[in-house]
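So this block is protein30.txt, compact mmCIF, C-alpha atoms:
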```txt
# COMPACT_ATOMS: atom_id res chain seq x y z
CA MET A 765 22.48 -101.60 -73.43
CA ILE A 766 25.21 -103.55 -71.66
CA GLU A 767 23.28 -106.78 -72.12
CA GLU A 768 22.96 -106.09 -75.86
CA GLU A 769 26.73 -105.48 -76.14
CA ARG A 770 27.38 -108.74 -74.32
CA ASN A 771 25.10 -110.61 -76.74
CA ASN A 772 26.86 -109.08 -79.74
CA TYR A 773 30.23 -110.00 -78.26
CA SER A 774 29.02 -113.53 -77.63
CA VAL A 775 27.83 -113.87 -81.24
CA PHE A 776 31.11 -112.71 -82.75
CA HIS A 777 33.16 -114.62 -80.20
CA GLY A 778 31.34 -117.86 -81.03
CA LEU A 779 31.67 -117.17 -84.75
CA TRP A 780 35.41 -116.60 -84.54
CA THR A 781 35.90 -119.61 -82.27
CA LEU A 782 34.33 -121.87 -84.88
CA ALA A 783 36.32 -120.27 -87.70
CA SER A 784 39.64 -120.46 -85.83
CA ARG A 785 39.00 -124.12 -85.02
CA GLU A 786 38.83 -124.86 -88.75
CA LEU A 787 41.92 -122.75 -89.44
CA LYS A 788 43.96 -124.59 -86.82
CA LYS A 789 43.26 -127.89 -88.56
CA TRP A 790 44.62 -126.29 -91.72
CA TYR A 791 47.81 -124.50 -90.67
CA LYS A 792 48.83 -127.27 -88.29
CA ALA A 793 48.92 -129.68 -91.24
CA PRO A 794 51.31 -128.05 -93.76
CA VAL A 795 51.25 -131.16 -95.95
CA ILE A 796 47.55 -130.52 -96.69
CA LEU A 797 48.38 -126.92 -97.61
CA LEU A 798 51.15 -128.08 -99.92
CA LEU A 799 48.98 -130.68 -101.63
CA SER A 800 46.19 -128.16 -102.20
CA LEU A 801 48.64 -125.86 -104.01
CA ILE A 802 50.11 -128.50 -106.31
CA GLN A 803 47.30 -128.57 -108.86
CA PRO A 804 47.04 -124.81 -109.62
CA ILE A 805 50.83 -124.46 -109.63
CA PHE A 806 50.96 -127.45 -111.97
CA TRP A 807 48.50 -125.73 -114.31
CA ILE A 808 50.56 -122.53 -114.25
CA GLY A 809 54.02 -124.06 -114.47
CA ILE A 810 53.35 -126.93 -116.87
CA PHE A 811 50.27 -126.05 -118.88
CA GLY A 812 50.88 -122.29 -118.90
CA LYS A 813 54.50 -122.53 -119.96
CA ALA A 814 54.17 -125.57 -122.20
CA MET A 815 51.20 -124.09 -124.05
CA ASN A 816 53.26 -121.10 -125.09
CA LEU A 817 50.87 -119.49 -127.54
CA GLY A 818 53.23 -116.57 -127.98
CA SER A 819 55.82 -118.83 -129.63
CA ILE A 820 53.18 -120.27 -131.96
CA PHE A 821 52.28 -116.87 -133.38
CA THR A 822 55.74 -115.29 -133.21
CA GLY A 823 59.34 -116.28 -133.88
CA THR A 824 58.45 -118.14 -137.07
CA SER A 825 58.80 -117.43 -140.76
CA TYR A 826 56.92 -118.61 -143.81
CA ASN A 827 58.37 -119.30 -147.22
CA ILE A 828 55.85 -118.15 -149.78
CA PRO A 829 57.10 -118.21 -153.40
CA GLY A 830 57.42 -114.71 -154.76
CA LEU A 831 56.56 -113.08 -151.44
CA THR A 832 58.95 -112.00 -148.73
CA ILE A 833 57.48 -110.91 -145.39
CA PRO A 834 59.93 -109.69 -142.76
CA LYS A 835 59.94 -111.76 -139.55
CA GLN A 836 59.27 -108.61 -137.50
CA VAL A 837 56.03 -108.07 -139.40
CA LEU A 838 54.91 -111.64 -138.77
CA ASP A 839 55.73 -111.28 -135.07
CA GLN A 840 53.71 -108.08 -134.89
CA ILE A 841 50.76 -109.76 -136.58
CA GLY A 842 51.01 -112.71 -134.17
CA LEU A 843 51.05 -110.43 -131.12
CA GLU A 844 48.07 -108.55 -132.47
CA ILE A 845 46.15 -111.81 -132.93
CA LEU A 846 46.90 -112.76 -129.31
CA LYS A 847 45.83 -109.34 -128.06
CA GLN A 848 42.61 -109.40 -130.05
CA THR A 849 41.81 -112.90 -128.75
CA PHE A 850 42.86 -112.74 -125.10
CA GLY A 851 43.08 -109.01 -124.44
CA THR A 852 46.83 -109.35 -123.87
CA SER A 853 49.76 -110.65 -125.87
CA ASP A 854 51.00 -112.65 -122.84
CA TYR A 855 48.91 -115.81 -122.57
CA PHE A 856 50.81 -116.99 -119.48
CA SER A 857 49.69 -113.91 -117.54
CA PHE A 858 46.14 -114.44 -118.83
CA LEU A 859 46.17 -118.01 -117.49
CA ALA A 860 47.87 -117.09 -114.20
CA ALA A 861 45.16 -114.53 -113.41
CA GLY A 862 42.55 -117.24 -114.00
CA MET A 863 44.33 -119.61 -111.63
CA LEU A 864 43.57 -117.27 -108.72
CA SER A 865 39.89 -118.12 -109.07
CA PHE A 866 40.72 -121.79 -109.56
CA ILE A 867 42.53 -122.08 -106.23
CA VAL A 868 39.60 -120.31 -104.56
CA LEU A 869 37.22 -122.82 -106.16
CA PHE A 870 39.38 -125.77 -105.11
CA THR A 871 39.66 -124.57 -101.50
CA SER A 872 35.98 -123.64 -101.20
CA MET A 873 35.01 -127.12 -102.30
CA GLN A 874 36.81 -128.58 -99.29
CA SER A 875 34.59 -126.62 -96.89
CA GLY A 876 31.73 -129.09 -97.24
CA MET A 877 33.93 -131.99 -96.15
CA SER A 878 34.49 -130.42 -92.74
CA ILE A 879 30.84 -130.62 -91.76
CA VAL A 880 30.62 -134.22 -93.01
CA TRP A 881 33.54 -135.26 -90.78
CA ASP A 882 32.20 -133.22 -87.86
CA ARG A 883 28.94 -135.16 -88.08
CA ARG A 884 30.64 -138.55 -88.38
CA LEU A 885 33.04 -137.90 -85.48
CA GLY A 886 30.34 -136.50 -83.19
CA VAL A 887 31.88 -133.03 -83.09
CA LEU A 888 28.76 -131.48 -84.64
CA ASP A 889 26.58 -132.90 -81.87
CA ARG A 890 28.79 -131.26 -79.24
CA ILE A 891 28.73 -127.93 -81.07
CA LEU A 892 24.94 -128.05 -81.27
CA THR A 893 24.74 -128.30 -77.47
CA THR A 894 26.47 -124.92 -77.12
CA PRO A 895 24.64 -121.54 -77.28
CA VAL A 896 26.19 -120.82 -80.70
CA ALA A 897 23.50 -120.11 -83.32
CA ARG A 898 23.17 -122.69 -86.07
CA GLY A 899 23.72 -120.01 -88.69
CA ASN A 900 27.05 -119.19 -87.08
CA ILE A 901 28.16 -122.79 -87.54
CA ILE A 902 27.81 -122.34 -91.29
CA ILE A 903 29.25 -118.82 -91.43
CA GLY A 904 32.20 -119.83 -89.22
CA LYS A 905 33.13 -122.60 -91.63
CA VAL A 906 32.60 -120.24 -94.57
CA LEU A 907 34.93 -117.63 -93.06
CA SER A 908 37.66 -120.18 -92.46
CA ALA A 909 37.37 -121.36 -96.08
CA VAL A 910 37.52 -117.76 -97.32
CA ILE A 911 40.67 -117.05 -95.32
CA ARG A 912 42.33 -120.23 -96.58
CA SER A 913 41.33 -119.38 -100.13
CA LEU A 914 42.83 -115.90 -100.02
CA VAL A 915 46.08 -117.10 -98.43
CA GLN A 916 46.50 -119.83 -101.03
CA ALA A 917 45.60 -117.43 -103.85
CA THR A 918 48.40 -115.16 -102.61
CA ILE A 919 50.89 -118.03 -102.74
CA VAL A 920 49.79 -118.93 -106.28
CA LEU A 921 50.11 -115.27 -107.31
CA VAL A 922 53.67 -115.11 -105.96
CA VAL A 923 54.59 -118.32 -107.81
CA ALA A 924 53.08 -116.91 -111.02
CA ILE A 925 55.13 -113.73 -110.67
CA LEU A 926 58.31 -115.78 -110.17
CA LEU A 927 57.48 -117.73 -113.34
CA GLY A 928 57.07 -114.57 -115.39
CA MET A 929 53.60 -113.11 -114.88
CA THR A 930 53.55 -109.43 -115.80
CA PHE A 931 51.09 -106.68 -114.85
CA TYR A 932 49.87 -103.71 -116.83
CA PRO A 933 52.10 -100.62 -116.35
CA GLY A 934 49.64 -98.51 -114.36
CA ILE A 935 48.86 -101.05 -111.63
CA ASN A 936 48.69 -99.85 -108.01
CA PRO A 937 48.09 -101.45 -104.57
CA LEU A 938 44.39 -100.56 -104.69
CA ASP A 939 43.98 -102.79 -107.74
CA PHE A 940 45.23 -105.79 -105.74
CA LEU A 941 42.81 -104.99 -102.90
CA VAL A 942 39.87 -104.85 -105.29
CA VAL A 943 40.90 -108.19 -106.83
CA TYR A 944 40.99 -109.72 -103.35
CA ALA A 945 37.54 -108.27 -102.66
CA ALA A 946 36.22 -110.10 -105.74
CA LEU A 947 37.92 -113.34 -104.66
CA PHE A 948 36.46 -112.87 -101.16
CA LEU A 949 32.91 -112.65 -102.53
CA MET A 950 33.37 -115.66 -104.79
CA ALA A 951 34.91 -117.73 -101.99
CA PHE A 952 32.06 -116.74 -99.66
CA GLY A 953 29.43 -117.83 -102.17
CA LEU A 954 31.14 -121.06 -103.23
CA SER A 955 31.88 -122.11 -99.63
CA SER A 956 28.23 -121.50 -98.74
CA LEU A 957 27.18 -123.59 -101.75
CA PHE A 958 29.32 -126.62 -100.86
CA LEU A 959 28.43 -126.44 -97.16
CA MET A 960 24.78 -126.25 -98.13
CA LEU A 961 25.18 -129.37 -100.25
CA ALA A 962 26.89 -131.14 -97.34
CA LEU A 963 24.31 -130.32 -94.65
CA ARG A 964 22.53 -133.65 -95.01
CA ALA A 965 25.48 -135.73 -96.21
CA THR A 966 26.44 -138.59 -93.91
CA SER A 967 29.32 -140.07 -95.91
CA TRP A 968 32.43 -138.47 -97.30
CA GLU A 969 32.02 -140.52 -100.49
CA SER A 970 28.83 -138.72 -101.46
CA GLN A 971 30.38 -135.32 -100.80
CA MET A 972 33.48 -136.24 -102.81
CA ALA A 973 31.20 -137.32 -105.67
CA ILE A 974 29.55 -133.89 -105.62
CA MET A 975 32.93 -132.15 -105.58
CA ASN A 976 34.24 -134.22 -108.50
CA LEU A 977 31.01 -133.60 -110.40
CA LEU A 978 31.26 -129.81 -110.08
CA ASN A 979 35.02 -129.22 -110.04
CA LEU A 980 36.10 -129.38 -113.69
CA PRO A 981 32.74 -128.26 -115.17
CA LEU A 982 32.93 -125.04 -113.14
CA LEU A 983 36.53 -124.53 -114.26
CA PHE A 984 36.12 -125.28 -117.96
CA THR A 985 32.80 -123.47 -118.40
CA SER A 986 34.41 -120.26 -117.14
CA ASN A 987 36.88 -118.01 -118.93
CA ALA A 988 39.84 -119.46 -117.00
CA PHE A 989 41.60 -120.75 -120.14
CA TYR A 990 40.03 -118.77 -122.96
CA PRO A 991 37.68 -115.79 -123.27
CA VAL A 992 33.92 -116.22 -123.41
CA LYS A 993 33.77 -114.73 -126.91
CA SER A 994 35.79 -117.71 -128.21
CA MET A 995 33.32 -120.28 -126.82
CA PRO A 996 30.63 -122.00 -128.90
CA TYR A 997 27.25 -120.30 -128.75
CA TRP A 998 25.68 -123.02 -126.56
CA LEU A 999 28.39 -122.69 -123.90
CA LYS A 1000 28.32 -118.91 -123.55
CA PRO A 1001 25.10 -118.79 -121.43
CA VAL A 1002 26.68 -121.28 -119.01
CA ALA A 1003 29.82 -119.15 -118.76
CA TYR A 1004 27.73 -116.07 -118.00
CA ILE A 1005 26.18 -117.68 -114.91
CA ASN A 1006 29.50 -119.10 -113.69
CA PRO A 1007 30.91 -116.96 -110.84
CA LEU A 1008 34.48 -117.77 -111.90
CA THR A 1009 33.87 -115.81 -115.11
CA TYR A 1010 33.23 -112.64 -113.13
CA SER A 1011 36.08 -113.02 -110.65
CA ASN A 1012 38.42 -113.72 -113.57
CA GLY A 1013 37.10 -110.59 -115.24
CA VAL A 1014 38.02 -108.49 -112.20
CA ALA A 1015 41.47 -110.10 -111.85
CA ARG A 1016 42.37 -109.65 -115.51
CA GLY A 1017 40.88 -106.20 -115.71
CA LEU A 1018 42.83 -104.82 -112.75
CA LEU A 1019 46.04 -106.87 -113.00
CA LEU A 1020 46.45 -107.09 -116.77
CA GLY A 1021 44.46 -104.09 -117.99
CA ILE A 1022 42.00 -106.21 -120.02
CA SER A 1023 38.67 -104.50 -120.61
CA THR A 1024 35.86 -105.62 -118.27
CA ASN A 1025 32.71 -104.28 -116.62
CA LEU A 1026 33.74 -104.03 -112.96
CA GLY A 1027 30.31 -102.84 -111.85
CA LEU A 1028 28.57 -105.86 -113.35
CA ASP A 1029 31.28 -108.22 -112.05
CA PHE A 1030 30.90 -107.05 -108.46
CA LEU A 1031 27.10 -106.90 -108.66
CA TYR A 1032 26.98 -110.54 -109.73
CA LEU A 1033 29.56 -111.71 -107.18
CA GLY A 1034 27.87 -109.75 -104.39
CA LEU A 1035 24.45 -111.24 -105.16
CA PHE A 1036 26.00 -114.69 -105.53
CA ALA A 1037 27.60 -114.49 -102.07
CA LEU A 1038 24.52 -112.94 -100.42
CA ILE A 1039 21.96 -115.36 -101.86
CA LEU A 1040 23.93 -118.56 -101.25
CA SER A 1041 25.01 -117.62 -97.72
CA THR A 1042 21.41 -116.71 -96.86
CA ILE A 1043 20.14 -120.04 -98.20
CA GLY A 1044 22.89 -121.84 -96.27
CA ILE A 1045 21.87 -120.16 -93.00
CA VAL A 1046 18.17 -120.89 -93.55
CA LEU A 1047 18.89 -124.55 -94.33
CA SER A 1048 21.12 -124.81 -91.26
CA TRP A 1049 18.19 -123.82 -89.07
CA LYS A 1050 16.13 -126.56 -90.69
CA TYR A 1051 18.62 -129.42 -91.04
CA LEU A 1052 21.13 -128.99 -88.22
CA SER A 1053 19.62 -130.69 -85.22
CA LYS A 1054 20.90 -132.25 -82.04
```

Starting from the file, give its structure as structure tokens.
Amino acid sequence: MIEEERNNYSVFHGLWTLASRELKKWYKAPVILLLSLIQPIFWIGIFGKAMNLGSIFTGTSYNIPGLTIPKQVLDQIGLEILKQTFGTSDYFSFLAAGMLSFIVLFTSMQSGMSIVWDRRLGVLDRILTTPVARGNIIIGKVLSAVIRSLVQATIVLVVAILLGMTFYPGINPLDFLVVYAALFLMAFGLSSLFLMLALRATSWESQMAIMNLLNLPLLFTSNAFYPVKSMPYWLKPVAYINPLTYSNGVARGLLLGISTNLGLDFLYLGLFALILSTIGIVLSWKYLSK
């Protein structure tokens, strides 16, 4: 019994040691943290505010000969069009909720680079000589990426609130926790995916090519900028297999009160995280060698 407890302690200790090593490289380089936050904040502050759809549909008047429509009526019609299209009359809040998944995607993509550099610098060889299980090498890096993702998502959320993001009136602290649970699952799955793709990579150029190939397609084929129902018919199936679509659904459903199927969202995200992390562990046993 005591020996079993020692083994369990050793497993978790080794796992956390690997994860904390990755985290130290992150929080000891604040410039990297700042640079990783620039893009989503840029999308929120510039694109979100500049593309002010609310001002397009409201605050205007039309001169139609023989017909006078009060400005208030036009504004009400414009707000109703926005609500019917996006589920809310505040497009900035709609976009800001989507940026939470974007920062998770961006951070998770960086996880694969760590194993490429560890291999090139010989660090991976030293880790493989320790008693730490190969699966723990992958999961340790995944956990560090998940923690970074959630911290950076929190910073982006605070910035969005300062810029004017509003929540639905009945929001409570539990809603935020559930949103973070969805982001956790998505970050876990995406980090496993990019680490899996990097297991056999020997150059950072090839890994960067993979990241650049998947970055914007994953973003623009999700509902980050517009709802799935507004997409062309050929793009909708792609959006429905994109994990960002489901994490955005949870965020907007709980933060903005937009209708979504939380059960389906979490089922998909849970299976996504479980399947990809399992594949990553299996491949680590096969491809990580001394």

Contacts of A:Ser956 within 6 Å, all atoms listed in the file, excl. fewer than 5 positions in-chain, as a ChimeraX atom specification: /A:1040-1041,1044

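Omitting A:Leu1052 and its sequence neighbours fewer than 6 positions away, and counting all atoms listed in the file, the residues within 9 Å are Leu888, Leu892, Arg898, Leu963 and Arg964 of chain A.
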
Minimum-distance residue to A:Gln848, chosen among A:Lys993, A:Lys1050, A:Lys1000, A:Lys788 (using all atoms listed in the file):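 Among the listed residues, A:Lys993 lies closest to A:Gln848.
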
Distance of atom CA of A:Gly876 from atom CA of A:Leu961, expressed in Å to one decimal place: 7.2 Å

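The interatomic distance for the pair atom CA of A:Ile845 and atom CA of A:Tyr1010 works out to 23.7 Å.
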
Shortest interatomic distance to A:Pro1007 - which of A:Thr918, A:Thr985, A:Ser878, A:Asn936, counting all atoms listed in the file: A:Thr985

Using only C-alpha atoms: which of A:Thr894, A:Leu787, A:Leu1018, A:Tyr1032 has the shortest distance to A:Gly934: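 Of A:Thr894, A:Leu787, A:Leu1018, A:Tyr1032, the one nearest A:Gly934 is A:Leu1018, counting only C-alpha atoms.
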
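Every protein, DNA or RNA residue with an atom at most 8 Å from A:Thr930, where only C-alpha atoms count and chain neighbours fewer than 4 positions away do not, is listed here: Ser857, Ile925 and Leu1020 of chain A.
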
Output C-alpha atoms of each residue in that selection to a file, as a PDB file, keeping the file's coordinate frame.
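Output below, filename part_23.pdb:
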```pdb
ATOM      1  CA  SER A 857      49.690-113.910-117.540  1.00  0.00           C
ATOM      2  CA  ILE A 925      55.130-113.730-110.670  1.00  0.00           C
ATOM      3  CA  LEU A1020      46.450-107.090-116.770  1.00  0.00           C
TER       4      LEU A1020
END
```

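Nearest residue to A:Val906, choosing from A:Ser875, A:Ser1023, A:Thr781, A:Thr893 and counting all atoms listed in the file: A:Ser875.
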
Counting only C-alpha atoms, the residue of A:Phe806, A:Phe856, A:Trp1049, A:Phe870 that sits nearest A:Met960: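 Ranked by minimum distance to A:Met960, first place goes to A:Trp1049.
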
A:Met929 environment, 12 Å, all atoms listed in the file, sequence neighbours closer than 6 positions dropped, as a ChimeraX atom specification: /A:808-809,812-813,852-863,920-923,1016,1019-1020

Interatomic distance (Å, one decimal) between atom CA of A:Phe1036 and atom CA of A:Phe850: 25.9 Å

Protein/DNA/RNA residues near (36.2, -121.4, -98.7), cut 8 Å, all atoms listed in the file, as a list in words: Val868, Leu869, Thr871, Ser872, Met873, Gln874, Ser875, Lys905, Val906, Leu907, Ser908, Ala909, Val910, Ile911, Arg912, Ser913, Ala951, Phe952, Leu954, Ser955 and Ser956 of chain A

Selected residue of minimal separation from A:Ser986 among A:Phe866, A:Val887, A:Leu941, A:Val1046, counting all atoms listed in the file: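 Going through A:Phe866, A:Val887, A:Leu941, A:Val1046 one by one, the smallest distance to A:Ser986 is for A:Phe866.
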
Six-sided padding of 6 Å per side, axis-aligned box over stretch 935-943 of chain A, centre and edges in Å, one decimal, as JSON:
```
{"center_x": 44.4, "center_y": -104.0, "center_z": -107.3, "size_x": 21.0, "size_y": 20.3, "size_z": 20.7}
```
